[in-house]
2 protein chains.
Amino acid sequence: MTKKEFELTDRLEIIGMDNLPEVKKSDDLTSLFFVALEEKREKLEDGDAIVFTSKIVSKSEGGVVVLSGVKPGSDAERIAKETDKDPRIVQLVLNETKEIVRTEKNIIIVETKHGFVCANAGVDESNVEEGKAVLLPEDAQGSASRLKKEIEVRSGKEISVLISDSFGRAFRDGVTGICIGVSGIPALLDRRGETDRFGKIARITKEAIADEVCAAANLVMGEFAEGIPIVIVRGLKLKRSKGDIKEVLFNREDDLFR
Amino acid sequence: MTKKEFELTDRLEIIGMDNLPEVKKSDDLTSLFFVALEEKREKLEDGDAIVFTSKIVSKSEGGVVVLSGVKPGSDAERIAKETDKDPRIVQLVLNETKEIVRTEKNIIIVETKHGFVCANAGVDESNVEEGKAVLLPEDAQGSASRLKKEIEVRSGKEISVLISDSFGRAFRDGVTGICIGVSGIPALLDRRGETDRFGKIARITKEAIADEVCAAANLVMGEFAEGIPIVIVRGLKLKRSKGDIKEVLFNREDDLFR
């Protein structure tokens, strides 16, 4: 193999932290995580990938907005009518948006200011008090790097941190866990140049490993009410890497679907 | 909760079967799987989800094509020129295609005759001898149902079977594991009607659980050369369901991106 960014692993463990309190602004997520770990009598291991839902990251960083304080502008009012949505939510979506990709009843698909193509710019009214909405973290990539450093300092282990959300997809119904910030492993495993079982060289395949880790974590996080906002994925043998979610974001001109 | 299709689980295990032989036409995958299980001293448990790569399913069902026997027609020759691809591969792609969605250098995105939107209709030259290509299984949904029944009869356990492939996505670079056939669990977990942590009722979210299981499995299968074509995902607590991959396939008129 000309490039080897991983080792063979035949076993992973996915461990959900189901014992975290409701997260509030200015909470120290790293401390909450270590308290929860100790309560569960778990210990971190080298190579652990720790997945945080965007929602608790955003809540701890003050990304919760009180809707009664939002004044929708004329664009928001118009799109709210077209899409049958709350104009205050539409205003929040527009605040987060670089480009509107599609609108449809009850849905606005946009490219967010962070570069993610998703529904409603990730603005979410679930798992927060009535009359409030949660935005995506301002800089999930930065949050991932910070959490990784803090957790490594406190544990003495080499770990990675991923921030997850759940997005819908083109061409397939339903949402899946995806990654919006990653530090410690690559977002994209570039396997071009590797040989297959028959010695042929792969030309194209890049595997979106960070998205797969977040999809796996989402199987225990679930979408609602389960209260598992942090998940450890143990057993990955990936090359250490700075990691950057930008690896999976297309340049506008390389995006076949816009 | 008005609908409850799952129970809380805080721990999953992902176990790769790394000891299977190269699969040939007419091989009995169920028997190969049980031999591999016994060699690894693993036992099936109720609730296990068993993920088979589409490639070994297809190989066992005779889905390997010798390229020298393929005669490209004029459409294939023209598209091959436009996309810089082997005209014989393009002919195979067209044979598998219901509708061409996009073409680009080295890539043809289609809706396959099975209803999947993917690159090159899933026709793949990796992990097969030089001069051959592997098609998607003719009826992966049927193969999943058959394998599930066979494995349940032999093991006496209630399990589910998923057939996985890896597809690229719109808006994000890289491929991830996805499902093309599922039996025993739902493809889509319909969580509309569930309440969140704050008692609010979810209106929209459907989770593409079968795709997430296949993404998780792909973390150990990898894309090349690893030789882990079957993976057990243990610990899911999903409602038993007939399961049908059609649940995630949009009706043409509901697809925002075509």
# chains A, B, ... in the order shown; residues from 1 in each chain; ligands from 1

call {"tool": "select_by_dssp", "arguments": {"residues": "region 151-227 of chain A", "states": "strand (DSSP E)", "output": "PyMOL selection string"}}
result
chain A and resi 160-168+175-183+189-190+206-207

call {"tool": "closest_atom_pairs", "arguments": {"of": "chain B", "to": "chain A", "cutoff": "7 Å", "atoms": "only C-alpha atoms", "output": "tab-separated table"}}
result
residue	atom	partner	partner_atom	distance
B:Leu8	CA	A:Glu226	CA	6.5
B:Thr9	CA	A:Val220	CA	6.0
B:Asp10	CA	A:Gly16	CA	4.5
B:Arg11	CA	A:Ile15	CA	4.7
B:Leu12	CA	A:Ile14	CA	4.9
B:Glu13	CA	A:Glu13	CA	4.7
B:Ile14	CA	A:Leu12	CA	4.9
B:Ile15	CA	A:Arg11	CA	4.7
B:Gly16	CA	A:Asp10	CA	4.5
B:Asp18	CA	A:Asp10	CA	6.8
B:Val117	CA	A:Phe171	CA	6.4
B:Ser126	CA	A:Asp196	CA	6.4
B:Asn127	CA	A:Arg197	CA	5.4
B:Val128	CA	A:Phe198	CA	6.5
B:Glu129	CA	A:Phe198	CA	6.0
B:Ala170	CA	A:Phe257	CA	6.1
B:Phe171	CA	A:Asp255	CA	6.1
B:Arg172	CA	A:Leu249	CA	5.3
B:Asp173	CA	A:Val248	CA	4.6
B:Gly174	CA	A:Lys206	CA	4.7
B:Val175	CA	A:Glu207	CA	4.9
B:Thr176	CA	A:Ala208	CA	5.8
B:Leu188	CA	A:Gly174	CA	6.6
B:Thr195	CA	A:Ala225	CA	6.8
B:Asp196	CA	A:Ala225	CA	4.4
B:Arg197	CA	A:Ala225	CA	4.6
B:Phe198	CA	A:Glu129	CA	6.0
B:Lys206	CA	A:Gly174	CA	4.7
B:Glu207	CA	A:Val175	CA	4.9
B:Ala208	CA	A:Gly174	CA	4.7
B:Glu212	CA	A:Ala215	CA	5.1
B:Val213	CA	A:Ala216	CA	6.7
B:Ala215	CA	A:Glu212	CA	5.1
B:Ala216	CA	A:Ala216	CA	4.6
B:Leu219	CA	A:Glu212	CA	6.8
B:Val220	CA	A:Asp10	CA	5.9
B:Phe224	CA	A:Asp196	CA	5.1
B:Ala225	CA	A:Asp196	CA	4.4
B:Glu226	CA	A:Leu8	CA	6.6
B:Val248	CA	A:Asp173	CA	4.6
B:Leu249	CA	A:Arg172	CA	5.3
B:Phe250	CA	A:Arg172	CA	6.0
B:Asp255	CA	A:Phe171	CA	6.1
B:Phe257	CA	A:Ala170	CA	6.1

call {"tool": "residues_around", "arguments": {"residues": "Phe34 (chain B)", "least_positions_apart": "6", "cutoff": "10 Å", "atoms": "only C-alpha atoms", "output": "ChimeraX atom specification"}}
result
/B:40,42-44,151,154-155

call {"tool": "residues_around", "arguments": {"residues": "Gly184 (chain B)", "least_positions_apart": "2", "cutoff": "7 Å", "atoms": "only C-alpha atoms", "output": "PyMOL selection string"}}
result
chain B and resi 159-161+182+186+240-243

call {"tool": "write_last_selection", "arguments": {"atoms": "N, CA and C atoms", "output": "mmCIF file, in the first residue's frame"}}
result
data_model
loop_
_atom_site.group_PDB
_atom_site.id
_atom_site.type_symbol
_atom_site.label_atom_id
_atom_site.label_comp_id
_atom_site.auth_asym_id
_atom_site.auth_seq_id
_atom_site.Cartn_x
_atom_site.Cartn_y
_atom_site.Cartn_z
ATOM 1 N N ILE B 159 -32.789 -12.373 14.225
ATOM 2 C CA ILE B 159 -31.741 -11.445 13.791
ATOM 3 C C ILE B 159 -32.275 -10.588 12.637
ATOM 4 N N SER B 160 -31.488 -9.637 12.200
ATOM 5 C CA SER B 160 -31.830 -8.900 10.991
ATOM 6 C C SER B 160 -30.640 -8.965 10.040
ATOM 7 N N VAL B 161 -30.904 -8.805 8.754
ATOM 8 C CA VAL B 161 -29.842 -8.805 7.748
ATOM 9 C C VAL B 161 -29.932 -7.525 6.934
ATOM 10 N N VAL B 182 -32.808 -4.633 3.424
ATOM 11 C CA VAL B 182 -32.884 -4.822 4.884
ATOM 12 C C VAL B 182 -34.085 -5.690 5.235
ATOM 13 N N PRO B 186 -36.679 -1.945 10.662
ATOM 14 C CA PRO B 186 -37.116 -0.958 9.672
ATOM 15 C C PRO B 186 -35.925 -0.271 9.016
ATOM 16 N N ARG B 240 -38.942 -5.343 16.034
ATOM 17 C CA ARG B 240 -38.905 -6.248 14.894
ATOM 18 C C ARG B 240 -39.804 -5.685 13.797
ATOM 19 N N SER B 241 -39.377 -5.813 12.587
ATOM 20 C CA SER B 241 -40.134 -5.253 11.469
ATOM 21 C C SER B 241 -39.766 -6.047 10.233
ATOM 22 N N LYS B 242 -40.705 -6.153 9.321
ATOM 23 C CA LYS B 242 -40.395 -6.824 8.069
ATOM 24 C C LYS B 242 -39.204 -6.109 7.429
ATOM 25 N N GLY B 243 -39.291 -4.779 7.375
ATOM 26 C CA GLY B 243 -38.190 -4.021 6.807
ATOM 27 C C GLY B 243 -38.240 -4.024 5.287
#

call {"tool": "atom_distance", "arguments": {"atom1": "CA of Lys59 (chain B)", "atom2": "CA of Ser74 (chain B)"}}
result
28.6 Å

call {"tool": "select_by_dssp", "arguments": {"residues": "region 43-107 of chain A", "states": "helix (DSSP H, G or I)", "output": "number ranges by chain"}}
result
A: 54-60, 67-69, 74-83, 87-95

call {"tool": "residues_around", "arguments": {"residues": "Glu150 (chain A)", "least_positions_apart": "5", "cutoff": "12 Å", "atoms": "only C-alpha atoms", "output": "PDB file with C-alpha atoms, in the first residue's frame"}}
result
ATOM      1  CA  ASP A  28     -17.788  23.172  31.069  1.00  0.00           C
ATOM      2  CA  LEU A  29     -18.491  20.187  28.794  1.00  0.00           C
ATOM      3  CA  THR A  30     -15.107  18.618  29.485  1.00  0.00           C
ATOM      4  CA  SER A  31     -15.777  18.567  33.227  1.00  0.00           C
ATOM      5  CA  PHE A  33     -17.918  14.504  30.535  1.00  0.00           C
ATOM      6  CA  PHE A  34     -15.319  13.396  33.085  1.00  0.00           C
ATOM      7  CA  SER A 143     -15.031  23.555  19.452  1.00  0.00           C
ATOM      8  CA  ALA A 144     -13.835  20.081  18.435  1.00  0.00           C
ATOM      9  CA  SER A 145     -10.190  21.173  18.623  1.00  0.00           C
ATOM     10  CA  SER A 155      -6.800  12.159  30.591  1.00  0.00           C
ATOM     11  CA  GLY A 156      -3.256  11.860  29.278  1.00  0.00           C
ATOM     12  CA  LYS A 157      -4.705   9.824  26.383  1.00  0.00           C
ATOM     13  CA  GLU A 158      -4.544  10.492  22.650  1.00  0.00           C
ATOM     14  CA  ILE A 159      -8.177  10.830  21.621  1.00  0.00           C
ATOM     15  CA  SER A 160     -10.227  12.498  18.904  1.00  0.00           C
ATOM     16  CA  VAL A 161     -13.351  14.629  19.206  1.00  0.00           C
ATOM     17  CA  SER A 183     -10.107  16.964  15.574  1.00  0.00           C
TER      18      SER A 183
END

call {"tool": "residues_around", "arguments": {"residues": "Asn120 (chain A)", "least_positions_apart": "2", "cutoff": "8 Å", "atoms": "only C-alpha atoms", "output": "list in words"}}
result
Val90, Val93, Ile107, Ile108, Ile109, Val110, Cys118, Gly122, Val123 and Asp124 of chain A

call {"tool": "write_last_selection", "arguments": {"atoms": "N, CA and C atoms", "output": "short mmCIF file (atom, residue, chain, number, x, y, z; two decimals), in the first residue's frame"}}
result
data_model
loop_
_atom_site.label_atom_id
_atom_site.label_comp_id
_atom_site.auth_asym_id
_atom_site.auth_seq_id
_atom_site.Cartn_x
_atom_site.Cartn_y
_atom_site.Cartn_z
N VAL A 90 -37.59 31.51 10.48
CA VAL A 90 -37.02 31.79 9.15
C VAL A 90 -35.95 32.87 9.27
N VAL A 93 -32.89 31.29 10.46
CA VAL A 93 -32.30 30.50 9.37
C VAL A 93 -31.53 31.44 8.44
N ILE A 107 -39.75 23.44 4.75
CA ILE A 107 -38.31 23.17 4.70
C ILE A 107 -37.58 24.23 3.87
N ILE A 108 -36.45 24.67 4.38
CA ILE A 108 -35.58 25.57 3.64
C ILE A 108 -34.21 24.92 3.64
N ILE A 109 -33.73 24.52 2.48
CA ILE A 109 -32.40 23.91 2.42
C ILE A 109 -31.41 24.99 2.03
N VAL A 110 -30.37 25.14 2.84
CA VAL A 110 -29.42 26.22 2.62
C VAL A 110 -27.99 25.72 2.72
N CYS A 118 -27.76 21.95 4.50
CA CYS A 118 -28.69 21.23 5.37
C CYS A 118 -30.02 21.96 5.45
N GLY A 122 -29.83 24.13 10.22
CA GLY A 122 -29.58 23.46 11.50
C GLY A 122 -30.30 24.09 12.69
N VAL A 123 -31.10 25.12 12.44
CA VAL A 123 -31.87 25.77 13.53
C VAL A 123 -32.94 24.78 14.00
N ASP A 124 -32.96 24.50 15.30
CA ASP A 124 -33.74 23.35 15.78
C ASP A 124 -34.53 23.71 17.03
#

call {"tool": "atom_distance", "arguments": {"atom1": "CA of Leu147 (chain B)", "atom2": "CA of Gly47 (chain B)"}}
result
15.0 Å
